[in-house]
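Engineer: Please see the structure below; I have some questions.
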Amino acid sequence: PKLGGATNGEGCHFVDLMYWLTESEPISVTAQSLPIGNEEPLGINNITASIKFADGSIGNFLYTTVGSDAGQGELVEVFSNGVVVSSEDFKRVSIKKSKEKKRSRKFAAKGYDLQMETFIEDIKSGRNTAVSIFDGARATIVCMLMIESAKRGTPIDIDLASILENEV
């Protein structure tokens, strides 16, 4: 938990998804959590954050370990001009355009096998991989800044270039 708990361990995948959807760098984060401490429920595992991206997009993140296991797990909702796409547990997808609504069901194939195959083929062929070290660093740093924002109770500006430059 001291290094970010589930917020960092699982949240980084959703921060990465937000970046992938927006194709824009995160520039600030504002977060709140249950009290930060070593008692359950751990505050860093029960956090909500708004991430602002350079293109003006806003990503909202909510992670919690309280509640019932009978509830849904992952819920991803994407809103754009006249379109809402929802996914529950990466099993059900709903697309709504204006007044029309389409639903589809899918099994939880999260793409791990294809991702690994592509990664290995890229390395073997000498191509740049689709996902870079910078992508992983971005997601991890944003999650750590989420936790820091919750601790401070203030927004935090994100300047990834400066952060990475100072750490190398």
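Identifiers in this document derive from the order of the structure tokens: chains are assigned A, B, ..., residues are numbered from 1 separately in each chain, and ligands are numbered from 1 in order of occurrence.
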Mind running stretch 7-86 of chain A against stretch 132-145 of chain A at 7 Å and telling me each contacting residue's nearest atom pair with the distance in Å (one decimal), counting only C-alpha atoms, chain and number ascending, as JSON lines?

Structural biologist:
```
{"residue": "A:Thr7", "atom": "CA", "partner": "A:Cys143", "partner_atom": "CA", "distance": 6.5}
{"residue": "A:Asn8", "atom": "CA", "partner": "A:Cys143", "partner_atom": "CA", "distance": 5.3}
{"residue": "A:Gly11", "atom": "CA", "partner": "A:Cys143", "partner_atom": "CA", "distance": 6.7}
{"residue": "A:Cys12", "atom": "CA", "partner": "A:Ala139", "partner_atom": "CA", "distance": 4.8}
{"residue": "A:Val15", "atom": "CA", "partner": "A:Ala139", "partner_atom": "CA", "distance": 5.5}
{"residue": "A:Asp16", "atom": "CA", "partner": "A:Ala139", "partner_atom": "CA", "distance": 5.4}
```

Engineer: With all heavy atoms kept, could you save the residues just selected as a PDB file, in the first residue's frame?

Structural biologist:
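Resulting contents of result-v5.pdb:
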```pdb
ATOM      1  N   THR A   7      -4.603   1.481  -6.441  1.00  0.00           N
ATOM      2  CA  THR A   7      -4.708   2.672  -7.290  1.00  0.00           C
ATOM      3  C   THR A   7      -3.596   2.663  -8.322  1.00  0.00           C
ATOM      4  O   THR A   7      -3.826   2.921  -9.501  1.00  0.00           O
ATOM      5  CB  THR A   7      -4.643   3.956  -6.443  1.00  0.00           C
ATOM      6  OG1 THR A   7      -5.784   3.986  -5.592  1.00  0.00           O
ATOM      7  CG2 THR A   7      -4.619   5.199  -7.305  1.00  0.00           C
ATOM      8  N   ASN A   8      -2.395   2.342  -7.898  1.00  0.00           N
ATOM      9  CA  ASN A   8      -1.289   2.300  -8.845  1.00  0.00           C
ATOM     10  C   ASN A   8      -1.276   0.977  -9.607  1.00  0.00           C
ATOM     11  O   ASN A   8      -1.113   0.968 -10.827  1.00  0.00           O
ATOM     12  CB  ASN A   8       0.044   2.513  -8.126  1.00  0.00           C
ATOM     13  CG  ASN A   8       1.118   2.988  -9.071  1.00  0.00           C
ATOM     14  OD1 ASN A   8       0.835   3.493 -10.133  1.00  0.00           O
ATOM     15  ND2 ASN A   8       2.354   2.806  -8.675  1.00  0.00           N
ATOM     16  N   GLY A  11      -5.055   0.970 -11.316  1.00  0.00           N
ATOM     17  CA  GLY A  11      -5.464   2.259 -11.879  1.00  0.00           C
ATOM     18  C   GLY A  11      -4.621   2.694 -13.055  1.00  0.00           C
ATOM     19  O   GLY A  11      -5.110   3.366 -13.961  1.00  0.00           O
ATOM     20  N   CYS A  12      -3.352   2.289 -13.058  1.00  0.00           N
ATOM     21  CA  CYS A  12      -2.469   2.708 -14.154  1.00  0.00           C
ATOM     22  C   CYS A  12      -3.010   2.242 -15.505  1.00  0.00           C
ATOM     23  O   CYS A  12      -2.845   2.930 -16.512  1.00  0.00           O
ATOM     24  CB  CYS A  12      -1.042   2.232 -13.915  1.00  0.00           C
ATOM     25  SG  CYS A  12      -0.860   0.442 -13.880  1.00  0.00           S
ATOM     26  N   VAL A  15      -5.612   4.819 -16.522  1.00  0.00           N
ATOM     27  CA  VAL A  15      -4.952   6.066 -16.938  1.00  0.00           C
ATOM     28  C   VAL A  15      -4.384   5.877 -18.341  1.00  0.00           C
ATOM     29  O   VAL A  15      -4.522   6.744 -19.206  1.00  0.00           O
ATOM     30  CB  VAL A  15      -3.848   6.475 -15.939  1.00  0.00           C
ATOM     31  CG1 VAL A  15      -3.021   7.629 -16.481  1.00  0.00           C
ATOM     32  CG2 VAL A  15      -4.468   6.847 -14.596  1.00  0.00           C
ATOM     33  N   ASP A  16      -3.788   4.728 -18.586  1.00  0.00           N
ATOM     34  CA  ASP A  16      -3.247   4.424 -19.907  1.00  0.00           C
ATOM     35  C   ASP A  16      -4.366   4.395 -20.950  1.00  0.00           C
ATOM     36  O   ASP A  16      -4.210   4.914 -22.056  1.00  0.00           O
ATOM     37  CB  ASP A  16      -2.504   3.092 -19.862  1.00  0.00           C
ATOM     38  CG  ASP A  16      -1.645   2.879 -21.085  1.00  0.00           C
ATOM     39  OD1 ASP A  16      -0.969   3.818 -21.520  1.00  0.00           O
ATOM     40  OD2 ASP A  16      -1.638   1.733 -21.602  1.00  0.00           O
TER      41      ASP A  16
END
```

Engineer: Can you tell me, as a list of chain:residue names, what residues are no more than 7 Å from stretch 24-30 of chain A when counting only C-alpha atoms, ignoring any on the same chain fewer than 3 positions away?

Structural biologist: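 Result of the neighbour search: A:Tyr19, A:Ala49, A:Ser50, A:Ile51, A:Lys52, A:Phe53, A:Ala54, A:Asp55, A:Met146, A:Ser149, A:Thr154, A:Pro155, A:Ile156, A:Asp157, A:Ile158, A:Asp159.
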
Engineer: Restrict the selected residues to all heavy atoms and save them as a compact mmCIF listing (two decimals), in the first residue's frame.

Structural biologist:
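Below you can see part_38.txt, which holds the result:
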```
# COMPACT_ATOMS: atom_id res chain seq x y z
N TYR A 19 -5.34 7.93 -21.81
CA TYR A 19 -4.36 8.52 -22.74
C TYR A 19 -4.59 7.98 -24.15
O TYR A 19 -4.59 8.73 -25.12
CB TYR A 19 -2.92 8.22 -22.28
CG TYR A 19 -1.91 8.59 -23.34
CD1 TYR A 19 -1.56 9.92 -23.53
CD2 TYR A 19 -1.37 7.64 -24.19
CE1 TYR A 19 -0.68 10.28 -24.54
CE2 TYR A 19 -0.50 7.99 -25.19
CZ TYR A 19 -0.14 9.31 -25.37
OH TYR A 19 0.71 9.66 -26.36
N ALA A 49 -10.60 10.70 -8.84
CA ALA A 49 -9.72 11.72 -9.40
C ALA A 49 -10.26 12.21 -10.73
O ALA A 49 -10.90 11.46 -11.47
CB ALA A 49 -8.31 11.16 -9.60
N SER A 50 -9.98 13.48 -11.03
CA SER A 50 -10.23 14.05 -12.35
C SER A 50 -8.88 14.38 -12.95
O SER A 50 -8.06 15.06 -12.32
CB SER A 50 -11.08 15.31 -12.26
OG SER A 50 -12.41 14.98 -11.99
N ILE A 51 -8.67 13.89 -14.16
CA ILE A 51 -7.42 14.13 -14.87
C ILE A 51 -7.74 15.00 -16.08
O ILE A 51 -8.61 14.65 -16.88
CB ILE A 51 -6.79 12.81 -15.33
CG1 ILE A 51 -6.57 11.90 -14.12
CG2 ILE A 51 -5.49 13.06 -16.08
CD1 ILE A 51 -6.27 10.46 -14.48
N LYS A 52 -7.04 16.13 -16.18
CA LYS A 52 -7.22 17.01 -17.33
C LYS A 52 -6.12 16.74 -18.33
O LYS A 52 -4.95 16.58 -17.97
CB LYS A 52 -7.20 18.48 -16.90
CG LYS A 52 -7.52 19.41 -18.05
CD LYS A 52 -7.71 20.82 -17.60
CE LYS A 52 -8.11 21.67 -18.79
NZ LYS A 52 -8.31 23.06 -18.43
N PHE A 53 -6.49 16.68 -19.61
CA PHE A 53 -5.56 16.41 -20.69
C PHE A 53 -5.32 17.67 -21.51
O PHE A 53 -6.14 18.59 -21.51
CB PHE A 53 -6.09 15.28 -21.57
CG PHE A 53 -6.10 13.95 -20.85
CD1 PHE A 53 -7.16 13.59 -20.03
CD2 PHE A 53 -5.03 13.08 -20.97
CE1 PHE A 53 -7.17 12.39 -19.35
CE2 PHE A 53 -5.03 11.87 -20.28
CZ PHE A 53 -6.09 11.52 -19.48
N ALA A 54 -4.19 17.70 -22.21
CA ALA A 54 -3.78 18.88 -22.96
C ALA A 54 -4.80 19.30 -24.02
O ALA A 54 -4.92 20.48 -24.33
CB ALA A 54 -2.41 18.65 -23.61
N ASP A 55 -5.57 18.36 -24.56
CA ASP A 55 -6.56 18.70 -25.58
C ASP A 55 -7.88 19.20 -24.98
O ASP A 55 -8.83 19.46 -25.70
CB ASP A 55 -6.82 17.51 -26.50
CG ASP A 55 -7.59 16.38 -25.84
OD1 ASP A 55 -7.76 16.40 -24.59
OD2 ASP A 55 -8.02 15.46 -26.57
N MET A 146 -2.01 11.21 -8.31
CA MET A 146 -3.38 11.11 -7.80
C MET A 146 -3.35 10.98 -6.29
O MET A 146 -4.06 11.68 -5.57
CB MET A 146 -4.04 9.83 -8.35
CG MET A 146 -5.09 9.99 -9.35
SD MET A 146 -5.82 8.35 -9.62
CE MET A 146 -5.48 8.17 -11.34
N SER A 149 -2.15 14.16 -4.65
CA SER A 149 -3.21 15.18 -4.65
C SER A 149 -4.22 14.91 -3.55
O SER A 149 -4.66 15.83 -2.86
CB SER A 149 -3.91 15.21 -6.01
OG SER A 149 -5.02 16.07 -6.00
N THR A 154 -5.12 19.18 -2.78
CA THR A 154 -4.99 20.23 -3.80
C THR A 154 -4.74 19.60 -5.16
O THR A 154 -4.21 18.49 -5.25
CB THR A 154 -3.82 21.18 -3.49
OG1 THR A 154 -2.60 20.43 -3.47
CG2 THR A 154 -4.01 21.89 -2.15
N PRO A 155 -5.07 20.33 -6.23
CA PRO A 155 -4.73 19.86 -7.58
C PRO A 155 -3.21 19.85 -7.75
O PRO A 155 -2.49 20.60 -7.09
CB PRO A 155 -5.36 20.90 -8.51
CG PRO A 155 -6.31 21.67 -7.67
CD PRO A 155 -5.83 21.59 -6.26
N ILE A 156 -2.74 19.01 -8.65
CA ILE A 156 -1.31 18.96 -8.97
C ILE A 156 -1.15 19.05 -10.48
O ILE A 156 -1.78 18.29 -11.23
CB ILE A 156 -0.67 17.66 -8.45
CG1 ILE A 156 -0.71 17.63 -6.92
CG2 ILE A 156 0.77 17.52 -8.96
CD1 ILE A 156 -0.12 16.39 -6.30
N ASP A 157 -0.31 19.99 -10.92
CA ASP A 157 0.03 20.08 -12.34
C ASP A 157 0.98 18.95 -12.69
O ASP A 157 1.81 18.54 -11.87
CB ASP A 157 0.69 21.42 -12.66
CG ASP A 157 -0.30 22.58 -12.59
OD1 ASP A 157 -1.51 22.36 -12.80
OD2 ASP A 157 0.14 23.71 -12.32
N ILE A 158 0.84 18.45 -13.91
CA ILE A 158 1.67 17.34 -14.36
C ILE A 158 2.55 17.81 -15.51
O ILE A 158 2.04 18.26 -16.53
CB ILE A 158 0.81 16.15 -14.84
CG1 ILE A 158 -0.11 15.67 -13.71
CG2 ILE A 158 1.68 15.02 -15.36
CD1 ILE A 158 -1.18 14.69 -14.16
N ASP A 159 3.85 17.73 -15.33
CA ASP A 159 4.82 18.04 -16.37
C ASP A 159 5.72 16.81 -16.50
O ASP A 159 6.77 16.73 -15.88
CB ASP A 159 5.63 19.29 -16.01
CG ASP A 159 6.61 19.70 -17.10
OD1 ASP A 159 6.74 18.97 -18.11
OD2 ASP A 159 7.25 20.75 -16.93
```

Engineer: Got a sec to tell me which of stretch 2-93 of chain A DSSP assigns to strand (DSSP E or B), as a ChimeraX atom specification?

Structural biologist: /A:26-33,47-53,58-63,75-80,83-88,92-93

Engineer: Take the residues just selected and output them with C-alpha atoms as a PDB file, in the first residue's frame.

Structural biologist:
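The resulting file, selection36.pdb, is reproduced below:
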```
ATOM      1  CA  PRO A  26      -2.285  14.541 -18.909  1.00  0.00           C
ATOM      2  CA  ILE A  27      -1.589  18.031 -17.543  1.00  0.00           C
ATOM      3  CA  SER A  28      -3.212  18.053 -14.087  1.00  0.00           C
ATOM      4  CA  VAL A  29      -4.918  15.842 -11.536  1.00  0.00           C
ATOM      5  CA  THR A  30      -7.250  16.566  -8.643  1.00  0.00           C
ATOM      6  CA  ALA A  31      -8.091  13.716  -6.265  1.00  0.00           C
ATOM      7  CA  GLN A  32      -9.814  12.874  -3.009  1.00  0.00           C
ATOM      8  CA  SER A  33      -9.787   9.654  -1.028  1.00  0.00           C
ATOM      9  CA  ILE A  47      -9.938   7.272  -4.455  1.00  0.00           C
ATOM     10  CA  THR A  48     -11.611   9.467  -7.023  1.00  0.00           C
ATOM     11  CA  ALA A  49      -9.720  11.719  -9.400  1.00  0.00           C
ATOM     12  CA  SER A  50     -10.228  14.045 -12.347  1.00  0.00           C
ATOM     13  CA  ILE A  51      -7.423  14.130 -14.869  1.00  0.00           C
ATOM     14  CA  LYS A  52      -7.223  17.013 -17.331  1.00  0.00           C
ATOM     15  CA  PHE A  53      -5.557  16.407 -20.689  1.00  0.00           C
ATOM     16  CA  ILE A  58     -11.274  15.262 -18.759  1.00  0.00           C
ATOM     17  CA  GLY A  59     -10.973  11.712 -17.472  1.00  0.00           C
ATOM     18  CA  ASN A  60     -12.694  10.738 -14.231  1.00  0.00           C
ATOM     19  CA  PHE A  61     -11.314   7.820 -12.271  1.00  0.00           C
ATOM     20  CA  LEU A  62     -12.980   6.076  -9.339  1.00  0.00           C
ATOM     21  CA  TYR A  63     -11.502   3.074  -7.573  1.00  0.00           C
ATOM     22  CA  LEU A  75     -17.152   0.382 -15.749  1.00  0.00           C
ATOM     23  CA  VAL A  76     -15.755   2.455 -18.596  1.00  0.00           C
ATOM     24  CA  GLU A  77     -17.837   5.224 -20.124  1.00  0.00           C
ATOM     25  CA  VAL A  78     -16.699   7.434 -22.977  1.00  0.00           C
ATOM     26  CA  PHE A  79     -18.647  10.543 -23.963  1.00  0.00           C
ATOM     27  CA  SER A  80     -18.079  12.386 -27.229  1.00  0.00           C
ATOM     28  CA  VAL A  83     -22.071   9.343 -28.706  1.00  0.00           C
ATOM     29  CA  VAL A  84     -21.829   7.410 -25.436  1.00  0.00           C
ATOM     30  CA  VAL A  85     -19.965   4.097 -25.285  1.00  0.00           C
ATOM     31  CA  SER A  86     -20.168   2.013 -22.111  1.00  0.00           C
ATOM     32  CA  SER A  87     -18.445  -1.203 -21.156  1.00  0.00           C
ATOM     33  CA  GLU A  88     -19.189  -3.221 -18.030  1.00  0.00           C
ATOM     34  CA  ARG A  92     -20.897  -5.957 -22.296  1.00  0.00           C
ATOM     35  CA  VAL A  93     -20.661  -2.993 -24.620  1.00  0.00           C
TER      36      VAL A  93
END
```

Engineer: Write down as a list in words the residues of stretch 4-72 of chain A whose backbone DSSP state falls under helix (DSSP H, G or I).

Structural biologist: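 The helix (DSSP H, G or I) residues within stretch 4-72 of chain A come out as Gly5, Ala6, Thr7, Asn8, Gly9, Gly11, Cys12, His13, Phe14, Val15, Asp16, Leu17, Met18, Tyr19, Trp20, Leu21, Thr22, Gly43, Ile44 and Asn45 of chain A.
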
Engineer: Residues within 6 Å of A:Thr64, please, as JSON, numbers by chain. Count only C-alpha atoms; anything in the same chain fewer than 2 positions from it doesn't count.

Structural biologist: {"A": [45, 46, 66]}

Engineer: Any chance you can output those residues with N, CA, C and O atoms as a compact mmCIF listing (two decimals), in the first residue's frame?

Structural biologist:
```txt
# COMPACT_ATOMS: atom_id res chain seq x y z
N ASN A 45 -6.65 3.05 -1.73
CA ASN A 45 -7.40 2.09 -2.54
C ASN A 45 -8.85 2.53 -2.73
O ASN A 45 -9.63 1.80 -3.32
N ASN A 46 -9.20 3.69 -2.23
CA ASN A 46 -10.56 4.22 -2.33
C ASN A 46 -10.44 5.70 -2.69
O ASN A 46 -10.42 6.57 -1.82
N VAL A 66 -14.55 -0.85 -1.22
CA VAL A 66 -15.71 -1.02 -0.35
C VAL A 66 -16.93 -1.30 -1.21
O VAL A 66 -16.92 -1.07 -2.41
```

Engineer: Kindly give the distance, in Å, that separates atom CA of A:Asp89 and atom CA of A:Leu114, rounded to a single decimal.

Structural biologist: 19.2 Å

Engineer: Give me, please, the distance in Å between atom CA of A:Phe90 and atom CA of A:Glu10, quoted to one decimal.

Structural biologist: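 That distance, rounded to one decimal, is 14.5 Å.
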
Engineer: Of the candidates A:Ser125, A:Asn81, A:Ser94, A:Thr22, which one gets nearest to A:Gly56 if we count only C-alpha atoms?

Structural biologist: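 Using only C-alpha atoms, the shortest distance to A:Gly56 belongs to A:Thr22.
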